[in-house]
Structure formats: structure tokens, C-alpha cells
Amino acid sequence: MRNQFRCPCTTCVRTPVPLKATIDGIVYDTDQSKKLAYKATVSSDAQLYQTVDGCFFLLNLQLYVDGQKLGRDECWLDLRKSPDISSRLKVGAEITVLTTRQALEWSIRTQIPETFRGYLLEAI
């Protein structure tokens with residue numbers, strides 16, 4: 001299955017594309033890596049991946065309106081109906097390389113119910 005990312009606006013016809021970056025000689029490619037987990041908010045999406053070689057990376061997608069980053073719980077509704085008007089909404093993407101421990105900590109903080117997080121973080 002291909003991991004492709006679309007513009008969040010509902011009227012956009014842009015072609016979805018996989019994201020890829022080479023960092024310190026290692027290729028981090030969403031199309032060739034396995035998505036392990038994700039954490040979404042109204043204005044952002046963080047996705048944890050593992051490459052075929054076992055390296056971890058976090059893909060962060062963030063919404064921007066007029067060049068300004070939306071806050072964690074802010075949302076934007078574009079009520080214009082004309083398809084010929086360019087969107088003020090843009091998506092920024094960033095790949096962050098994680099160590100195995102950082103990937104585990106991110107997973108615990110974002111995927112495990114809050115009641116158990118402290119126990120697991122103390123255990124590692």
C-alpha cells in the first residue's frame with residue numbers, strides 16, 4: 001500500500017505524492033517504509049515510520065493559513081465555494097529522524113492511555 005499525502009482542502013485536485021528525504025546518507029521514504037502509528041490533531045498529523053533497515057522517523061504534517069502555523073487545537077474553515085480561488089491553506093511536511101528509544105517514547109506518549117504512560121516510561 002502506498003503512503004500518499006493529499007492537500008486537506010476538499011476541492012483540491014493536486015496529485016498525492018509520497019514524501020522522501022535523505023538524511024546523513026539514509027533514505028527516509030514514506031512509500032518504502034512501514035507506518036507504525038499516528039497522532040492527529042485538528043491542525044497537524046504526526047506519523048511514525050520504520051524503514052526497511054529498521055531506522056525510525058517521524059513525519060509531521062502541519063496546516064498553515066496565510067503562512068501562519070495553526071495552533072494545536074485551531075481549525076480553519078474555508079467557506080468559499082468558487083473553485084478558481086487559490087486556497088489560503090497550505091500543508092508543511094517535516095521528517096525527523098528518531099532513535100529507537102525516542103520512537104518508543106513517542107509511541108508511549110501518543111498511543112498508550114494516560115493512566116499507564118508513567119508506568120511504561122519509568123520501565124524503559
# chains A, B, ... in the order shown; residues from 1 in each chain; ligands from 1
>>> select_by_dssp(residues="chain A", states="strand (DSSP E or B)", output="PyMOL selection string")
chain A and resi 5+17+20-23+26-29+34-40+44-50+56-65+68-69+89-98
>>> write_last_selection(atoms="N, CA and C atoms", output="compact mmCIF listing (two decimals), in the first residue's frame")
# COMPACT_ATOMS: atom_id res chain seq x y z
N PHE A 5 0.06 11.61 0.48
CA PHE A 5 -0.47 12.71 1.25
C PHE A 5 -1.17 13.69 0.35
N VAL A 17 1.40 12.66 -3.38
CA VAL A 17 2.78 12.21 -3.59
C VAL A 17 3.35 11.63 -2.31
N LYS A 20 9.84 11.93 0.71
CA LYS A 20 11.13 11.25 0.76
C LYS A 20 12.22 12.26 1.07
N ALA A 21 13.16 11.88 1.95
CA ALA A 21 14.30 12.74 2.28
C ALA A 21 15.51 11.86 2.55
N THR A 22 16.68 12.36 2.22
CA THR A 22 17.93 11.68 2.55
C THR A 22 18.61 12.49 3.64
N ILE A 23 18.83 11.85 4.79
CA ILE A 23 19.45 12.50 5.94
C ILE A 23 20.62 11.63 6.39
N ILE A 26 21.00 8.25 4.74
CA ILE A 26 19.91 7.27 4.88
C ILE A 26 18.66 7.84 4.22
N VAL A 27 18.00 7.03 3.39
CA VAL A 27 16.80 7.47 2.70
C VAL A 27 15.59 7.16 3.57
N TYR A 28 14.82 8.20 3.87
CA TYR A 28 13.58 8.07 4.63
C TYR A 28 12.44 8.33 3.65
N ASP A 29 11.74 7.28 3.28
CA ASP A 29 10.74 7.35 2.22
C ASP A 29 9.42 6.76 2.74
N LYS A 34 7.30 1.37 6.62
CA LYS A 34 6.06 0.90 7.25
C LYS A 34 5.56 1.94 8.24
N LYS A 35 4.29 2.34 8.09
CA LYS A 35 3.71 3.26 9.06
C LYS A 35 3.32 2.46 10.29
N LEU A 36 3.84 2.87 11.46
CA LEU A 36 3.61 2.14 12.70
C LEU A 36 2.50 2.75 13.54
N ALA A 37 2.40 4.09 13.54
CA ALA A 37 1.42 4.77 14.39
C ALA A 37 1.25 6.19 13.91
N TYR A 38 0.17 6.82 14.38
CA TYR A 38 -0.04 8.23 14.07
C TYR A 38 -0.78 8.91 15.20
N LYS A 39 -0.63 10.22 15.26
CA LYS A 39 -1.34 11.05 16.24
C LYS A 39 -1.79 12.30 15.50
N ALA A 40 -3.09 12.48 15.41
CA ALA A 40 -3.64 13.62 14.68
C ALA A 40 -4.30 14.60 15.63
N SER A 44 -2.74 19.27 12.77
CA SER A 44 -1.48 18.59 12.47
C SER A 44 -1.66 17.08 12.50
N ASP A 45 -0.66 16.41 11.98
CA ASP A 45 -0.67 14.96 11.95
C ASP A 45 0.77 14.48 12.07
N ALA A 46 1.06 13.66 13.06
CA ALA A 46 2.39 13.09 13.24
C ALA A 46 2.28 11.59 12.97
N GLN A 47 3.20 11.09 12.14
CA GLN A 47 3.15 9.68 11.75
C GLN A 47 4.52 9.04 11.97
N LEU A 48 4.53 7.93 12.69
CA LEU A 48 5.77 7.21 12.98
C LEU A 48 5.99 6.13 11.94
N TYR A 49 7.17 6.12 11.33
CA TYR A 49 7.53 5.14 10.30
C TYR A 49 8.79 4.40 10.70
N GLN A 50 8.95 3.21 10.11
CA GLN A 50 10.19 2.45 10.23
C GLN A 50 10.63 2.04 8.84
N PHE A 56 13.97 4.61 12.42
CA PHE A 56 12.68 5.24 12.71
C PHE A 56 12.70 6.71 12.30
N PHE A 57 11.54 7.18 11.84
CA PHE A 57 11.39 8.61 11.58
C PHE A 57 9.95 9.02 11.80
N LEU A 58 9.81 10.31 12.11
CA LEU A 58 8.51 10.89 12.37
C LEU A 58 8.21 11.87 11.24
N LEU A 59 7.07 11.70 10.61
CA LEU A 59 6.61 12.63 9.59
C LEU A 59 5.59 13.55 10.25
N ASN A 60 5.89 14.84 10.26
CA ASN A 60 4.98 15.84 10.83
C ASN A 60 4.36 16.64 9.71
N LEU A 61 3.03 16.62 9.64
CA LEU A 61 2.29 17.43 8.68
C LEU A 61 1.58 18.52 9.46
N GLN A 62 1.75 19.76 9.06
CA GLN A 62 1.21 20.90 9.79
C GLN A 62 0.45 21.82 8.85
N LEU A 63 -0.73 22.27 9.26
CA LEU A 63 -1.51 23.21 8.47
C LEU A 63 -1.07 24.64 8.73
N TYR A 64 -1.03 25.43 7.66
CA TYR A 64 -0.70 26.85 7.72
C TYR A 64 -1.79 27.62 6.98
N VAL A 65 -2.17 28.77 7.51
CA VAL A 65 -3.10 29.68 6.85
C VAL A 65 -2.38 31.00 6.67
N GLN A 68 0.89 31.36 8.40
CA GLN A 68 0.95 31.24 9.86
C GLN A 68 0.55 29.83 10.29
N LYS A 69 1.36 29.24 11.13
CA LYS A 69 1.10 27.90 11.65
C LYS A 69 -0.14 27.92 12.54
N LEU A 89 -4.84 27.90 2.53
CA LEU A 89 -4.41 26.80 3.38
C LEU A 89 -3.27 26.03 2.72
N LYS A 90 -2.20 25.81 3.44
CA LYS A 90 -1.04 25.05 2.95
C LYS A 90 -0.67 23.99 3.99
N VAL A 91 -0.02 22.95 3.53
CA VAL A 91 0.46 21.90 4.42
C VAL A 91 1.97 21.87 4.37
N GLY A 92 2.59 21.97 5.54
CA GLY A 92 4.04 21.84 5.65
C GLY A 92 4.36 20.44 6.13
N ALA A 93 5.43 19.85 5.59
CA ALA A 93 5.83 18.50 5.97
C ALA A 93 7.28 18.53 6.44
N GLU A 94 7.55 17.77 7.49
CA GLU A 94 8.90 17.70 8.06
C GLU A 94 9.17 16.27 8.49
N ILE A 95 10.34 15.78 8.15
CA ILE A 95 10.77 14.45 8.58
C ILE A 95 11.81 14.62 9.68
N THR A 96 11.58 13.95 10.82
CA THR A 96 12.51 13.99 11.95
C THR A 96 12.99 12.57 12.22
N VAL A 97 14.30 12.38 12.21
CA VAL A 97 14.88 11.07 12.49
C VAL A 97 14.83 10.82 13.99
N LEU A 98 14.43 9.60 14.38
CA LEU A 98 14.34 9.23 15.79
C LEU A 98 15.22 8.02 16.09
>>> closest_residue(among="A:Val42, A:Gly54, A:Asp24, A:Thr100", to="Glu74 (chain A)", atoms="only C-alpha atoms")
A:Val42
>>> select_by_dssp(residues="chain A", states="alpha helix (DSSP H)", output="number ranges by chain")
A: 100-111, 114-123
>>> write_last_selection(atoms="N, CA and C atoms", output="short mmCIF file (atom, residue, chain, number, x, y, z; two decimals), in the first residue's frame")
data_model
loop_
_atom_site.label_atom_id
_atom_site.label_comp_id
_atom_site.auth_asym_id
_atom_site.auth_seq_id
_atom_site.Cartn_x
_atom_site.Cartn_y
_atom_site.Cartn_z
N THR A 100 15.74 4.54 18.37
CA THR A 100 14.76 3.52 18.79
C THR A 100 14.08 3.94 20.09
N ARG A 101 14.85 4.45 21.03
CA ARG A 101 14.27 4.89 22.30
C ARG A 101 13.30 6.06 22.10
N GLN A 102 13.67 7.03 21.27
CA GLN A 102 12.78 8.15 21.01
C GLN A 102 11.48 7.69 20.35
N ALA A 103 11.58 6.72 19.44
CA ALA A 103 10.37 6.18 18.79
C ALA A 103 9.49 5.48 19.82
N LEU A 104 10.11 4.74 20.73
CA LEU A 104 9.35 4.06 21.78
C LEU A 104 8.68 5.08 22.70
N GLU A 105 9.42 6.11 23.12
CA GLU A 105 8.84 7.14 24.00
C GLU A 105 7.70 7.88 23.30
N TRP A 106 7.87 8.21 22.02
CA TRP A 106 6.80 8.88 21.27
C TRP A 106 5.56 7.99 21.23
N SER A 107 5.77 6.70 20.99
CA SER A 107 4.65 5.76 20.93
C SER A 107 3.92 5.68 22.26
N ILE A 108 4.67 5.62 23.34
CA ILE A 108 4.05 5.56 24.67
C ILE A 108 3.26 6.84 24.94
N ARG A 109 3.85 7.99 24.64
CA ARG A 109 3.18 9.27 24.91
C ARG A 109 1.94 9.51 24.06
N THR A 110 1.90 8.92 22.88
CA THR A 110 0.79 9.22 21.97
C THR A 110 -0.19 8.08 21.76
N GLN A 111 0.19 6.85 22.08
CA GLN A 111 -0.66 5.71 21.77
C GLN A 111 -1.21 4.99 23.00
N GLU A 114 -3.35 7.56 29.06
CA GLU A 114 -2.60 8.38 30.01
C GLU A 114 -2.38 7.69 31.36
N THR A 115 -3.33 6.91 31.81
CA THR A 115 -3.23 6.21 33.09
C THR A 115 -1.98 5.33 33.17
N PHE A 116 -1.59 4.72 32.04
CA PHE A 116 -0.47 3.78 32.03
C PHE A 116 0.86 4.38 31.56
N ARG A 117 0.85 5.58 31.01
CA ARG A 117 2.06 6.15 30.42
C ARG A 117 3.21 6.25 31.40
N GLY A 118 2.95 6.77 32.58
CA GLY A 118 4.02 6.94 33.57
C GLY A 118 4.69 5.63 33.92
N TYR A 119 3.91 4.58 34.09
CA TYR A 119 4.46 3.26 34.42
C TYR A 119 5.39 2.78 33.31
N LEU A 120 4.94 2.92 32.08
CA LEU A 120 5.76 2.44 30.97
C LEU A 120 7.01 3.29 30.78
N LEU A 121 6.89 4.59 30.91
CA LEU A 121 8.06 5.44 30.77
C LEU A 121 9.09 5.18 31.87
N GLU A 122 8.61 4.88 33.07
CA GLU A 122 9.54 4.54 34.16
C GLU A 122 10.23 3.20 33.91
N ALA A 123 9.53 2.29 33.23
CA ALA A 123 10.06 0.95 33.00
C ALA A 123 11.14 0.88 31.92
#
>>> atom_distance(atom1="CA of Trp76 (chain A)", atom2="CA of Ser43 (chain A)")
8.3 Å
